[in-house]
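Each remark here refers to the structure printed beneath this line.
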Amino acid sequence: MKVPATRYQPSSREYPERLPAIEYAPGDIVRKVRNYGHFKYRGREYHLGSAFYGLHIALRYTTVEGVMDVYFCQQRIRSIKLTDK
């Protein structure tokens with residue numbers, strides 16, 4: 001049986017030096033994730049996850065009143081209820 005190192009080959013895919021900036025739609029509410037993965041909206045603090053620290057996320061209204069979806073790039077991460085205390 002061969003060890004993984006004998007089967008390894010570098011990827012032929014090229015990667016840019018810098019990734020392009022994340023852009024959100026004009027109607028999105030953009031927030032920057034702060035220490036410990038928190039962001040603020042309307043005076044309240046929500047936890048998203050420390051992996052998002054320093055990155056911008058978008059808040060989008062849903063069809064349900066008082067509920068917003070949180071997006072990173074095009075991926076929905078979670079929903080938040082604005083009515084919860």
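Convention: chains lettered A, B, ... in structure tokens order; per-chain residue numbering from 1; ligands numbered from 1 as shown.
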
Can you list every residue of region 50-84 of chain A that has an atom at most 8 Å from region 29-32 of chain A, with its nearest atom pair and the distance in Å to one decimal, using only C-alpha atoms, ordered by chain then number, as JSON lines?
{"residue": "A:Tyr53", "atom": "CA", "partner": "A:Lys32", "partner_atom": "CA", "distance": 7.9}
{"residue": "A:Gly54", "atom": "CA", "partner": "A:Lys32", "partner_atom": "CA", "distance": 6.2}
{"residue": "A:Leu55", "atom": "CA", "partner": "A:Lys32", "partner_atom": "CA", "distance": 5.6}
{"residue": "A:His56", "atom": "CA", "partner": "A:Lys32", "partner_atom": "CA", "distance": 4.3}
{"residue": "A:Ile57", "atom": "CA", "partner": "A:Arg31", "partner_atom": "CA", "distance": 5.5}
{"residue": "A:Ala58", "atom": "CA", "partner": "A:Val30", "partner_atom": "CA", "distance": 4.5}
{"residue": "A:Leu59", "atom": "CA", "partner": "A:Ile29", "partner_atom": "CA", "distance": 4.9}
{"residue": "A:Arg60", "atom": "CA", "partner": "A:Ile29", "partner_atom": "CA", "distance": 6.6}

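For the pair CA of Glu45 (chain A) and CA of Ala21 (chain A), the interatomic distance is 25.2 Å.
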
(request) Step one, run DSSP on the backbone; step two, keep only residues of chain A assigned to strand (DSSP E or B); then write them as a PyMOL selection string. (result) chain A and resi 29-32+38-41+44-47+56-61+67-72+75-81

Can I get the selection written as an mmCIF file, in the first residue's frame, with C-alpha atoms?
data_model
loop_
_atom_site.group_PDB
_atom_site.id
_atom_site.type_symbol
_atom_site.label_atom_id
_atom_site.label_comp_id
_atom_site.auth_asym_id
_atom_site.auth_seq_id
_atom_site.Cartn_x
_atom_site.Cartn_y
_atom_site.Cartn_z
ATOM 1 C CA ILE A 29 -27.535 46.211 5.193
ATOM 2 C CA VAL A 30 -23.800 45.630 5.598
ATOM 3 C CA ARG A 31 -22.129 45.163 8.981
ATOM 4 C CA LYS A 32 -18.567 44.313 9.985
ATOM 5 C CA HIS A 38 -20.405 39.547 17.095
ATOM 6 C CA PHE A 39 -22.132 42.195 15.007
ATOM 7 C CA LYS A 40 -24.556 44.954 15.954
ATOM 8 C CA TYR A 41 -27.848 45.922 14.377
ATOM 9 C CA ARG A 44 -28.521 44.859 19.680
ATOM 10 C CA GLU A 45 -25.608 42.479 19.432
ATOM 11 C CA TYR A 46 -25.805 39.126 17.644
ATOM 12 C CA HIS A 47 -23.342 36.239 17.593
ATOM 13 C CA HIS A 56 -18.374 42.180 6.233
ATOM 14 C CA ILE A 57 -21.732 40.427 6.246
ATOM 15 C CA ALA A 58 -25.086 41.424 4.765
ATOM 16 C CA LEU A 59 -28.485 41.519 6.436
ATOM 17 C CA ARG A 60 -31.518 40.999 4.211
ATOM 18 C CA TYR A 61 -35.184 41.257 5.073
ATOM 19 C CA VAL A 67 -36.865 38.169 10.673
ATOM 20 C CA MET A 68 -33.688 38.903 8.714
ATOM 21 C CA ASP A 69 -31.262 36.556 7.007
ATOM 22 C CA VAL A 70 -27.507 36.973 7.501
ATOM 23 C CA TYR A 71 -25.317 36.380 4.430
ATOM 24 C CA PHE A 72 -21.606 36.027 3.835
ATOM 25 C CA GLN A 75 -24.233 32.070 1.380
ATOM 26 C CA ARG A 76 -26.995 32.416 3.965
ATOM 27 C CA ILE A 77 -25.424 31.823 7.370
ATOM 28 C CA ARG A 78 -28.373 32.194 9.722
ATOM 29 C CA SER A 79 -31.556 34.119 10.490
ATOM 30 C CA ILE A 80 -32.083 36.598 13.284
ATOM 31 C CA LYS A 81 -35.341 37.608 14.951
#
